[in-house]
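Undergrad: Have a look at this one.
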Amino acid sequence: MARMVLGVVAVLSMMLVPQVASAGVLPAGPEVGVQALAAPAGVLVPLAASEKDVDGDTIPDVVEREVCGTATCAVGTEDRDADGIPDWTEVLSCDSTTCAKVTADRDKDGISDFAERLVCGTDTCSNSKEDADGDRIGDWVEFVICGTRTCADGSEDFDGNGVSDAAELAACVVRIDDLAITGGQIAWGLIILAVVLLGGGGGLWWWRRRRAAAEVADADSTEAVL
(Lines give C-alpha, C1' and ligand atoms only; values in the text may rest on other atoms or scores of the structure.)
Protein backbone atom coordinates (compact mmCIF):
# COMPACT_ATOMS: atom_id res chain seq x y z
CA MET A 1 0.00 0.00 0.00
CA ALA A 2 2.85 2.38 0.90
CA ARG A 3 4.49 1.72 -2.48
CA MET A 4 1.24 2.61 -4.23
CA VAL A 5 0.91 6.02 -2.56
CA LEU A 6 4.57 6.80 -3.15
CA GLY A 7 4.12 6.03 -6.84
CA VAL A 8 1.09 8.32 -7.00
CA VAL A 9 3.09 11.06 -5.26
CA ALA A 10 5.85 10.77 -7.87
CA VAL A 11 3.45 10.95 -10.81
CA LEU A 12 1.47 13.85 -9.37
CA SER A 13 4.67 15.73 -8.53
CA MET A 14 5.89 15.53 -12.13
CA MET A 15 2.49 16.45 -13.56
CA LEU A 16 1.85 19.34 -11.21
CA VAL A 17 5.26 21.02 -11.13
CA PRO A 18 4.02 24.14 -12.98
CA GLN A 19 1.14 24.48 -10.52
CA VAL A 20 3.46 24.02 -7.58
CA ALA A 21 5.86 26.59 -8.99
CA SER A 22 3.07 29.16 -9.15
CA ALA A 23 1.73 28.31 -5.70
CA GLY A 24 4.86 29.15 -3.71
CA VAL A 25 4.97 26.31 -1.18
CA LEU A 26 6.75 27.23 2.00
CA PRO A 27 6.93 25.12 5.15
CA ALA A 28 4.83 26.29 8.05
CA GLY A 29 6.46 27.05 11.35
CA PRO A 30 6.95 29.67 14.00
CA GLU A 31 9.83 31.21 12.05
CA VAL A 32 7.60 32.20 9.11
CA GLY A 33 6.89 35.90 9.04
CA VAL A 34 3.74 37.79 8.12
CA GLN A 35 4.99 39.02 4.76
CA ALA A 36 3.17 37.36 1.85
CA LEU A 37 3.29 37.20 -1.94
CA ALA A 38 0.19 37.48 -4.09
CA ALA A 39 0.05 34.16 -5.96
CA PRO A 40 -2.37 33.26 -8.80
CA ALA A 41 -6.05 32.80 -7.91
CA GLY A 42 -5.64 35.13 -4.95
CA VAL A 43 -3.65 32.64 -2.87
CA LEU A 44 -1.51 34.31 -0.22
CA VAL A 45 1.68 32.42 0.49
CA PRO A 46 3.62 33.24 3.70
CA LEU A 47 7.17 34.41 3.05
CA ALA A 48 9.84 34.91 5.68
CA ALA A 49 10.79 38.56 5.91
CA SER A 50 14.40 37.72 5.09
CA GLU A 51 13.48 35.87 1.89
CA LYS A 52 12.99 38.21 -1.07
CA ASP A 53 11.63 37.38 -4.52
CA VAL A 54 12.87 39.92 -7.02
CA ASP A 55 11.23 38.30 -10.05
CA GLY A 56 7.86 37.75 -8.37
CA ASP A 57 7.61 34.07 -9.31
CA THR A 58 6.84 33.07 -5.68
CA ILE A 59 10.13 31.11 -5.47
CA PRO A 60 12.31 32.89 -2.87
CA ASP A 61 15.60 34.24 -4.19
CA VAL A 62 17.64 32.09 -1.79
CA VAL A 63 15.92 28.98 -3.15
CA GLU A 64 16.51 30.00 -6.78
CA ARG A 65 20.20 30.54 -6.07
CA GLU A 66 20.41 27.03 -4.64
CA VAL A 67 18.58 25.55 -7.64
CA CYS A 68 20.40 27.34 -10.46
CA GLY A 69 22.75 30.02 -9.22
CA THR A 70 20.88 33.32 -9.46
CA ALA A 71 17.82 34.95 -7.93
CA THR A 72 15.80 34.84 -11.16
CA CYS A 73 16.79 31.70 -13.06
CA ALA A 74 14.42 28.99 -11.75
CA VAL A 75 11.16 28.19 -13.53
CA GLY A 76 9.96 25.55 -11.06
CA THR A 77 10.36 22.52 -13.32
CA GLU A 78 14.00 21.76 -12.57
CA ASP A 79 14.54 18.23 -11.24
CA ARG A 80 18.26 17.47 -11.03
CA ASP A 81 17.90 13.91 -9.75
CA ALA A 82 14.82 13.09 -11.87
CA ASP A 83 12.93 11.76 -8.86
CA GLY A 84 9.66 13.53 -9.62
CA ILE A 85 10.17 16.11 -6.86
CA PRO A 86 11.00 19.60 -8.23
CA ASP A 87 14.38 20.93 -7.11
CA TRP A 88 12.86 24.00 -5.46
CA THR A 89 10.48 21.82 -3.44
CA GLU A 90 13.41 19.69 -2.30
CA VAL A 91 15.28 22.81 -1.19
CA LEU A 92 12.27 23.94 0.84
CA SER A 93 11.81 20.54 2.46
CA CYS A 94 15.44 19.62 3.18
CA ASP A 95 17.83 22.33 1.90
CA SER A 96 19.28 20.79 -1.26
CA THR A 97 18.10 19.84 -4.75
CA THR A 98 18.65 16.09 -4.27
CA CYS A 99 17.85 15.41 -0.61
CA ALA A 100 14.16 14.43 -0.78
CA LYS A 101 13.15 10.89 -1.74
CA VAL A 102 9.71 9.85 -2.92
CA THR A 103 10.17 6.46 -1.27
CA ALA A 104 11.40 7.83 2.06
CA ASP A 105 8.68 7.34 4.67
CA ARG A 106 10.22 7.06 8.13
CA ASP A 107 7.00 6.31 10.02
CA LYS A 108 5.53 4.07 7.28
CA ASP A 109 2.26 6.01 7.23
CA GLY A 110 2.03 6.35 3.44
CA ILE A 111 2.97 10.05 3.45
CA SER A 112 6.42 10.79 2.01
CA ASP A 113 8.77 12.46 4.46
CA PHE A 114 9.22 15.51 2.25
CA ALA A 115 5.45 16.10 2.20
CA GLU A 116 5.27 15.80 5.98
CA ARG A 117 8.05 18.39 6.31
CA LEU A 118 6.09 20.83 4.17
CA VAL A 119 2.96 20.25 6.26
CA CYS A 120 4.39 20.42 9.76
CA GLY A 121 8.19 20.45 9.77
CA THR A 122 9.36 16.88 10.48
CA ASP A 123 9.38 13.47 8.79
CA THR A 124 6.84 11.97 11.16
CA CYS A 125 4.57 14.77 12.38
CA SER A 126 1.60 14.53 10.01
CA ASN A 127 -1.37 12.37 10.90
CA SER A 128 -2.96 13.05 7.48
CA LYS A 129 -5.86 14.85 9.18
CA GLU A 130 -4.44 18.38 9.05
CA ASP A 131 -6.93 20.47 7.08
CA ALA A 132 -6.31 24.22 7.21
CA ASP A 133 -9.31 25.19 5.07
CA GLY A 134 -11.77 22.61 6.43
CA ASP A 135 -12.57 21.17 3.00
CA ARG A 136 -11.97 17.55 4.09
CA ILE A 137 -8.91 17.33 1.85
CA GLY A 138 -5.78 16.85 3.96
CA ASP A 139 -3.12 19.54 3.78
CA TRP A 140 -0.48 17.05 2.60
CA VAL A 141 -2.75 15.94 -0.25
CA GLU A 142 -3.29 19.55 -1.32
CA PHE A 143 0.47 20.18 -1.22
CA VAL A 144 1.04 17.21 -3.56
CA ILE A 145 -1.82 18.07 -5.93
CA CYS A 146 -1.28 21.79 -6.38
CA GLY A 147 1.23 23.27 -3.98
CA THR A 148 -0.58 24.93 -1.06
CA ARG A 149 -2.75 23.91 1.88
CA THR A 150 -5.90 25.30 0.31
CA CYS A 151 -5.67 24.99 -3.48
CA ALA A 152 -7.37 21.65 -4.27
CA ASP A 153 -11.13 21.39 -4.63
CA GLY A 154 -11.42 17.60 -4.89
CA SER A 155 -12.22 17.51 -8.61
CA GLU A 156 -8.65 16.87 -9.76
CA ASP A 157 -8.27 13.51 -11.53
CA PHE A 158 -4.88 13.18 -13.20
CA ASP A 159 -5.35 9.65 -14.55
CA GLY A 160 -8.97 10.20 -15.59
CA ASN A 161 -10.22 7.05 -13.91
CA GLY A 162 -13.20 8.70 -12.28
CA VAL A 163 -11.64 8.69 -8.82
CA SER A 164 -10.27 12.03 -7.64
CA ASP A 165 -6.60 12.42 -6.89
CA ALA A 166 -7.50 13.49 -3.34
CA ALA A 167 -9.47 10.29 -2.74
CA GLU A 168 -6.73 8.07 -4.20
CA LEU A 169 -4.02 9.66 -2.09
CA ALA A 170 -6.09 9.68 1.10
CA ALA A 171 -7.06 6.03 0.64
CA CYS A 172 -3.43 4.95 0.74
CA VAL A 173 -2.63 6.46 4.12
CA VAL A 174 -1.89 4.01 6.92
CA ARG A 175 -3.46 5.20 10.17
CA ILE A 176 -0.48 4.72 12.45
CA ASP A 177 -2.30 6.08 15.51
CA ASP A 178 -5.35 3.89 14.97
CA LEU A 179 -3.19 0.81 14.45
CA ALA A 180 -1.26 1.55 17.63
CA ILE A 181 -4.49 1.88 19.61
CA THR A 182 -5.86 -1.33 18.13
CA GLY A 183 -2.63 -3.16 18.89
CA GLY A 184 -2.69 -1.92 22.45
CA GLN A 185 -6.26 -3.03 22.93
CA ILE A 186 -5.43 -6.48 21.56
CA ALA A 187 -2.41 -6.74 23.85
CA TRP A 188 -4.45 -5.82 26.92
CA GLY A 189 -7.15 -8.25 25.87
CA LEU A 190 -4.62 -11.07 25.64
CA ILE A 191 -3.16 -10.17 29.02
CA ILE A 192 -6.59 -10.15 30.66
CA LEU A 193 -7.48 -13.46 29.00
CA ALA A 194 -4.23 -15.02 30.23
CA VAL A 195 -4.89 -13.79 33.77
CA VAL A 196 -8.42 -15.18 33.69
CA LEU A 197 -7.26 -18.55 32.37
CA LEU A 198 -4.40 -18.82 34.84
CA GLY A 199 -6.60 -17.70 37.70
CA GLY A 200 -9.34 -20.12 36.73
CA GLY A 201 -6.90 -22.97 36.32
CA GLY A 202 -5.24 -22.23 39.64
CA GLY A 203 -8.58 -21.99 41.38
CA LEU A 204 -9.72 -25.32 39.91
CA TRP A 205 -6.46 -27.00 40.98
CA TRP A 206 -6.79 -25.64 44.52
CA TRP A 207 -10.43 -26.74 44.75
CA ARG A 208 -9.59 -30.28 43.59
CA ARG A 209 -6.75 -30.59 46.09
CA ARG A 210 -8.98 -29.41 48.89
CA ARG A 211 -11.70 -31.83 47.88
CA ALA A 212 -9.21 -34.71 47.73
CA ALA A 213 -7.87 -33.78 51.15
CA ALA A 214 -11.40 -33.70 52.55
CA GLU A 215 -12.14 -37.12 51.10
CA VAL A 216 -8.96 -38.54 52.68
CA ALA A 217 -9.87 -37.00 56.02
CA ASP A 218 -13.39 -38.51 55.84
CA ALA A 219 -11.94 -41.93 55.01
CA ASP A 220 -9.55 -41.72 57.97
CA SER A 221 -12.40 -40.75 60.29
CA THR A 222 -14.50 -43.68 59.13
CA GLU A 223 -11.64 -46.14 59.67
CA ALA A 224 -11.03 -44.78 63.17
CA VAL A 225 -14.69 -45.28 64.11
CA LEU A 226 -14.64 -48.83 62.83
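Convention: chains lettered A, B, ... in C-alpha coordinates order; per-chain residue numbering from 1; ligands numbered from 1 as shown.
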Leaving out region 162-174 of chain A and any residue of its chain fewer than 5 positions from it, which residues lie within 6 Å of it when counting only C-alpha atoms, given as a PDB file with N, CA, C and O atoms, in the first residue's frame?

TA:
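Written out: around09.pdb:
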```pdb
ATOM      1  N   VAL A   5       1.036   4.588  -2.779  1.00  0.00           N
ATOM      2  CA  VAL A   5       0.907   6.022  -2.563  1.00  0.00           C
ATOM      3  C   VAL A   5       2.162   6.756  -2.967  1.00  0.00           C
ATOM      4  O   VAL A   5       2.120   7.857  -3.486  1.00  0.00           O
ATOM      5  N   ASP A 109       3.679   5.639   7.185  1.00  0.00           N
ATOM      6  CA  ASP A 109       2.264   6.013   7.229  1.00  0.00           C
ATOM      7  C   ASP A 109       1.692   6.312   5.852  1.00  0.00           C
ATOM      8  O   ASP A 109       0.542   6.718   5.727  1.00  0.00           O
ATOM      9  N   GLY A 110       2.511   6.102   4.798  1.00  0.00           N
ATOM     10  CA  GLY A 110       2.028   6.346   3.443  1.00  0.00           C
ATOM     11  C   GLY A 110       2.207   7.770   2.961  1.00  0.00           C
ATOM     12  O   GLY A 110       1.897   8.086   1.822  1.00  0.00           O
ATOM     13  N   GLY A 154     -10.924  18.966  -4.889  1.00  0.00           N
ATOM     14  CA  GLY A 154     -11.422  17.602  -4.891  1.00  0.00           C
ATOM     15  C   GLY A 154     -11.835  17.078  -6.247  1.00  0.00           C
ATOM     16  O   GLY A 154     -12.166  15.895  -6.388  1.00  0.00           O
ATOM     17  N   SER A 155     -11.808  17.938  -7.263  1.00  0.00           N
ATOM     18  CA  SER A 155     -12.223  17.506  -8.605  1.00  0.00           C
ATOM     19  C   SER A 155     -11.048  17.037  -9.453  1.00  0.00           C
ATOM     20  O   SER A 155     -11.247  16.474 -10.539  1.00  0.00           O
ATOM     21  N   GLU A 156      -9.834  17.242  -8.988  1.00  0.00           N
ATOM     22  CA  GLU A 156      -8.649  16.874  -9.764  1.00  0.00           C
ATOM     23  C   GLU A 156      -8.589  15.353  -9.958  1.00  0.00           C
ATOM     24  O   GLU A 156      -8.785  14.589  -9.024  1.00  0.00           O
ATOM     25  N   ASP A 157      -8.332  14.941 -11.212  1.00  0.00           N
ATOM     26  CA  ASP A 157      -8.272  13.510 -11.531  1.00  0.00           C
ATOM     27  C   ASP A 157      -7.251  13.313 -12.638  1.00  0.00           C
ATOM     28  O   ASP A 157      -7.574  13.235 -13.816  1.00  0.00           O
TER      29      ASP A 157
END
```
